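*Asks:* So I've got this file, input.pdb, and it contains PDB, C-alpha atoms and all ligand atoms:
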```
MODEL        1
ATOM      1  CA  MET Z   3     131.789 149.515 174.192  1.00  0.00           C
ATOM      2  CA  THR Z   4     133.299 148.160 171.002  1.00  0.00           C
ATOM      3  CA  ASN Z   5     132.400 144.806 169.602  1.00  0.00           C
ATOM      4  CA  PRO Z   6     134.938 142.035 170.121  1.00  0.00           C
ATOM      5  CA  THR Z   7     137.222 141.355 167.192  1.00  0.00           C
ATOM      6  CA  LEU Z   8     137.763 137.923 165.746  1.00  0.00           C
ATOM      7  CA  TYR Z   9     141.397 136.978 165.278  1.00  0.00           C
ATOM      8  CA  THR Z  10     143.102 133.687 164.612  1.00  0.00           C
ATOM      9  CA  ALA Z  11     145.571 131.902 166.840  1.00  0.00           C
ATOM     10  CA  VAL Z  12     147.940 129.226 165.601  1.00  0.00           C
ATOM     11  CA  ALA Z  13     149.217 126.808 168.252  1.00  0.00           C
ATOM     12  CA  GLU Z  14     152.703 125.463 167.646  1.00  0.00           C
ATOM     13  CA  PRO Z  15     154.244 122.944 167.401  1.00  0.00           C
ATOM     14  CA  ASP Z  16     151.123 121.306 165.945  1.00  0.00           C
ATOM     15  CA  GLY Z  17     150.123 124.244 163.773  1.00  0.00           C
ATOM     16  CA  ILE Z  18     146.453 124.059 164.780  1.00  0.00           C
ATOM     17  CA  GLN Z  19     144.598 127.258 163.887  1.00  0.00           C
ATOM     18  CA  VAL Z  20     141.682 128.383 166.029  1.00  0.00           C
ATOM     19  CA  ASP Z  21     139.362 131.383 166.257  1.00  0.00           C
ATOM     20  CA  ALA Z  22     140.502 133.813 168.954  1.00  0.00           C
ATOM     21  CA  MET Z  23     138.065 136.500 170.067  1.00  0.00           C
ATOM     22  CA  SER Z  24     139.552 139.671 171.501  1.00  0.00           C
ATOM     23  CA  ASP Z  25     137.368 139.363 174.624  1.00  0.00           C
ATOM     24  CA  GLU Z  26     138.337 135.764 175.426  1.00  0.00           C
ATOM     25  CA  THR Z  27     141.630 134.603 176.850  1.00  0.00           C
ATOM     26  CA  LEU Z  28     143.982 132.973 174.434  1.00  0.00           C
ATOM     27  CA  LEU Z  29     143.872 129.845 176.581  1.00  0.00           C
ATOM     28  CA  ALA Z  30     140.067 129.629 176.327  1.00  0.00           C
ATOM     29  CA  SER Z  31     140.217 130.060 172.560  1.00  0.00           C
ATOM     30  CA  LEU Z  32     142.894 127.393 172.201  1.00  0.00           C
ATOM     31  CA  GLU Z  33     140.870 124.966 174.294  1.00  0.00           C
ATOM     32  CA  TRP Z  34     137.634 125.649 172.418  1.00  0.00           C
ATOM     33  CA  GLY Z  35     139.537 125.066 169.219  1.00  0.00           C
ATOM     34  CA  GLY Z  36     140.531 121.617 170.410  1.00  0.00           C
ATOM     35  CA  VAL Z  37     144.140 122.366 171.291  1.00  0.00           C
ATOM     36  CA  ASN Z  38     145.449 120.350 174.221  1.00  0.00           C
ATOM     37  CA  TRP Z  39     147.197 123.234 176.014  1.00  0.00           C
ATOM     38  CA  PRO Z  40     148.405 122.730 179.601  1.00  0.00           C
ATOM     39  CA  SER Z  41     146.915 124.915 182.336  1.00  0.00           C
ATOM     40  CA  SER Z  42     146.431 124.957 186.070  1.00  0.00           C
ATOM     41  CA  CYS Z  43     145.724 128.185 187.980  1.00  0.00           C
ATOM     42  CA  ARG Z  44     144.206 130.059 185.013  1.00  0.00           C
ATOM     43  CA  GLY Z  45     145.082 133.237 186.836  1.00  0.00           C
ATOM     44  CA  GLY Z  46     148.533 134.164 185.546  1.00  0.00           C
ATOM     45  CA  SER Z  47     150.682 132.903 188.405  1.00  0.00           C
ATOM     46  CA  CYS Z  48     151.567 129.185 188.099  1.00  0.00           C
ATOM     47  CA  ARG Z  49     153.121 129.448 184.616  1.00  0.00           C
ATOM     48  CA  THR Z  50     151.843 126.017 183.558  1.00  0.00           C
ATOM     49  CA  CYS Z  51     150.380 127.541 180.408  1.00  0.00           C
ATOM     50  CA  ILE Z  52     153.521 129.430 179.389  1.00  0.00           C
ATOM     51  CA  GLY Z  53     154.265 129.746 175.711  1.00  0.00           C
ATOM     52  CA  LYS Z  54     156.276 131.882 173.359  1.00  0.00           C
ATOM     53  CA  LEU Z  55     154.528 134.400 171.193  1.00  0.00           C
ATOM     54  CA  ARG Z  56     156.059 133.829 167.763  1.00  0.00           C
ATOM     55  CA  SER Z  57     154.049 136.596 166.191  1.00  0.00           C
ATOM     56  CA  GLY Z  58     151.253 138.980 167.088  1.00  0.00           C
ATOM     57  CA  GLN Z  59     150.236 141.021 170.103  1.00  0.00           C
ATOM     58  CA  VAL Z  60     148.432 140.220 173.341  1.00  0.00           C
ATOM     59  CA  GLN Z  61     147.146 142.354 176.205  1.00  0.00           C
ATOM     60  CA  TYR Z  62     147.032 141.110 179.800  1.00  0.00           C
ATOM     61  CA  SER Z  63     143.982 141.172 182.042  1.00  0.00           C
ATOM     62  CA  ILE Z  64     146.112 141.636 185.144  1.00  0.00           C
ATOM     63  CA  GLU Z  65     148.705 144.247 185.961  1.00  0.00           C
ATOM     64  CA  TRP Z  66     151.687 141.937 186.145  1.00  0.00           C
ATOM     65  CA  PRO Z  67     151.358 138.337 184.965  1.00  0.00           C
ATOM     66  CA  GLY Z  68     153.862 135.850 186.388  1.00  0.00           C
ATOM     67  CA  LEU Z  69     156.593 136.678 183.913  1.00  0.00           C
ATOM     68  CA  THR Z  70     159.833 138.552 184.407  1.00  0.00           C
ATOM     69  CA  ALA Z  71     160.514 141.630 182.325  1.00  0.00           C
ATOM     70  CA  GLU Z  72     163.194 139.617 180.512  1.00  0.00           C
ATOM     71  CA  GLU Z  73     160.756 136.836 179.701  1.00  0.00           C
ATOM     72  CA  LYS Z  74     158.247 139.330 178.395  1.00  0.00           C
ATOM     73  CA  ALA Z  75     160.950 140.940 176.288  1.00  0.00           C
ATOM     74  CA  GLU Z  76     161.826 137.521 174.882  1.00  0.00           C
ATOM     75  CA  GLY Z  77     158.211 137.004 173.891  1.00  0.00           C
ATOM     76  CA  TYR Z  78     156.976 134.588 176.531  1.00  0.00           C
ATOM     77  CA  CYS Z  79     153.315 134.861 177.366  1.00  0.00           C
ATOM     78  CA  LEU Z  80     150.740 133.358 179.719  1.00  0.00           C
ATOM     79  CA  PRO Z  81     147.714 132.542 177.558  1.00  0.00           C
ATOM     80  CA  CYS Z  82     145.369 132.155 180.567  1.00  0.00           C
ATOM     81  CA  VAL Z  83     145.467 135.930 181.156  1.00  0.00           C
ATOM     82  CA  ALA Z  84     146.341 137.130 177.648  1.00  0.00           C
ATOM     83  CA  TYR Z  85     143.813 138.570 175.221  1.00  0.00           C
ATOM     84  CA  PRO Z  86     144.704 138.675 171.533  1.00  0.00           C
ATOM     85  CA  ARG Z  87     145.124 142.084 169.929  1.00  0.00           C
ATOM     86  CA  SER Z  88     146.062 140.707 166.508  1.00  0.00           C
ATOM     87  CA  ASN Z  89     146.386 137.323 164.860  1.00  0.00           C
ATOM     88  CA  VAL Z  90     148.884 135.379 166.920  1.00  0.00           C
ATOM     89  CA  VAL Z  91     151.185 132.381 166.676  1.00  0.00           C
ATOM     90  CA  VAL Z  92     152.054 130.897 170.044  1.00  0.00           C
ATOM     91  CA  GLU Z  93     154.360 127.992 170.764  1.00  0.00           C
ATOM     92  CA  GLN Z  94     153.740 125.785 173.764  1.00  0.00           C
ATOM     93  CA  GLY Z  95     156.337 125.602 176.547  1.00  0.00           C
ATOM     94  CA  TRP Z  96     159.777 127.088 176.914  1.00  0.00           C
TER      95      TRP Z  96
HETATM   96  S1  LIG Z 101     147.466 128.470 183.977  1.00  0.00           S
HETATM   97 FE1  LIG Z 101     148.648 129.264 185.611  1.00  0.00          FE
HETATM   98  S2  LIG Z 101     149.722 130.924 184.693  1.00  0.00           S
HETATM   99 FE2  LIG Z 101     148.390 130.255 183.140  1.00  0.00          FE
ENDMDL
END
```
Could you express the structure from this file as structure tokens?
*Replies:*
Amino acid sequence: MTNPTLYTAVAEPDGIQVDAMSDETLLASLEWGGVNWPSSCRGGSCRTCIGKLRSGQVQYSIEWPGLTAEEKAEGYCLPCVAYPRSNVVVEQGW
């Protein structure tokens, strides 16, 4: 078991930077950092938390989060089921 890695996440449009551990969801890290990020199901299906990954990489905890292949290709992500795999910049909403 490797130790979790500490990354940073920047939440746009406010530009708030928070600590983002590799073993915590991006949503949890944003919330702990004081970012007011919308959420509902917290399980990757309702899409309330959707955002666009402006930079960086995430890995999903579930096989197929509620995003189409096109949306994924365009960089949309669901922070409630996404774990950071690098420093990330994520923009709220569509
Ligand atoms: S809170 Fe429902 S998909 Fe993220």
*Asks:* Which residue gives the smallest distance to Z:Gly36 among Z:Glu65, Z:Glu73, Z:Glu93, Z:Asp21, with only C-alpha atoms counted?
*Replies:*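 Of Z:Glu65, Z:Glu73, Z:Glu93, Z:Asp21, the one nearest Z:Gly36 is Z:Asp21, counting only C-alpha atoms.
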*Asks:* Kindly indicate which residue among Z:Gly95, Z:Pro40, Z:Gly17, Z:Gly46 lies nearest to Z:Ser63, using only C-alpha atoms for the distances.
*Replies:*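 Of Z:Gly95, Z:Pro40, Z:Gly17, Z:Gly46, the one nearest Z:Ser63, counting only C-alpha atoms, is Z:Gly46.
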*Asks:* Could you give me, as a short mmCIF file (atom, residue, chain, number, x, y, z; two decimals) with C-alpha atoms, in the coordinates of the input, every polymer residue with an atom at most 6 Å away from an atom of ligand LIG 101 (chain Z), counting only C-alpha atoms and all ligand atoms?
*Replies:*
```cif
data_model
loop_
_atom_site.label_atom_id
_atom_site.label_comp_id
_atom_site.auth_asym_id
_atom_site.auth_seq_id
_atom_site.Cartn_x
_atom_site.Cartn_y
_atom_site.Cartn_z
CA SER Z 41 146.92 124.92 182.34
CA SER Z 42 146.43 124.96 186.07
CA CYS Z 43 145.72 128.18 187.98
CA ARG Z 44 144.21 130.06 185.01
CA GLY Z 45 145.08 133.24 186.84
CA GLY Z 46 148.53 134.16 185.55
CA SER Z 47 150.68 132.90 188.40
CA CYS Z 48 151.57 129.18 188.10
CA ARG Z 49 153.12 129.45 184.62
CA THR Z 50 151.84 126.02 183.56
CA CYS Z 51 150.38 127.54 180.41
CA LEU Z 80 150.74 133.36 179.72
CA CYS Z 82 145.37 132.16 180.57
#
```
*Asks:* State, in Å with one decimal place, the distance from atom CA of Z:Trp34 to atom CA of Z:Ile18.
*Replies:*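 Separating atom CA of Z:Trp34 from atom CA of Z:Ile18 is a distance of 11.8 Å.
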*Asks:* Please write as a PyMOL selection string the full residue list that the PyMOL selection byres (((chain Z and resi 88) around 7) and not hetatm) yields on this file.
*Replies:* chain Z and resi 9+58-59+86-87+89-90
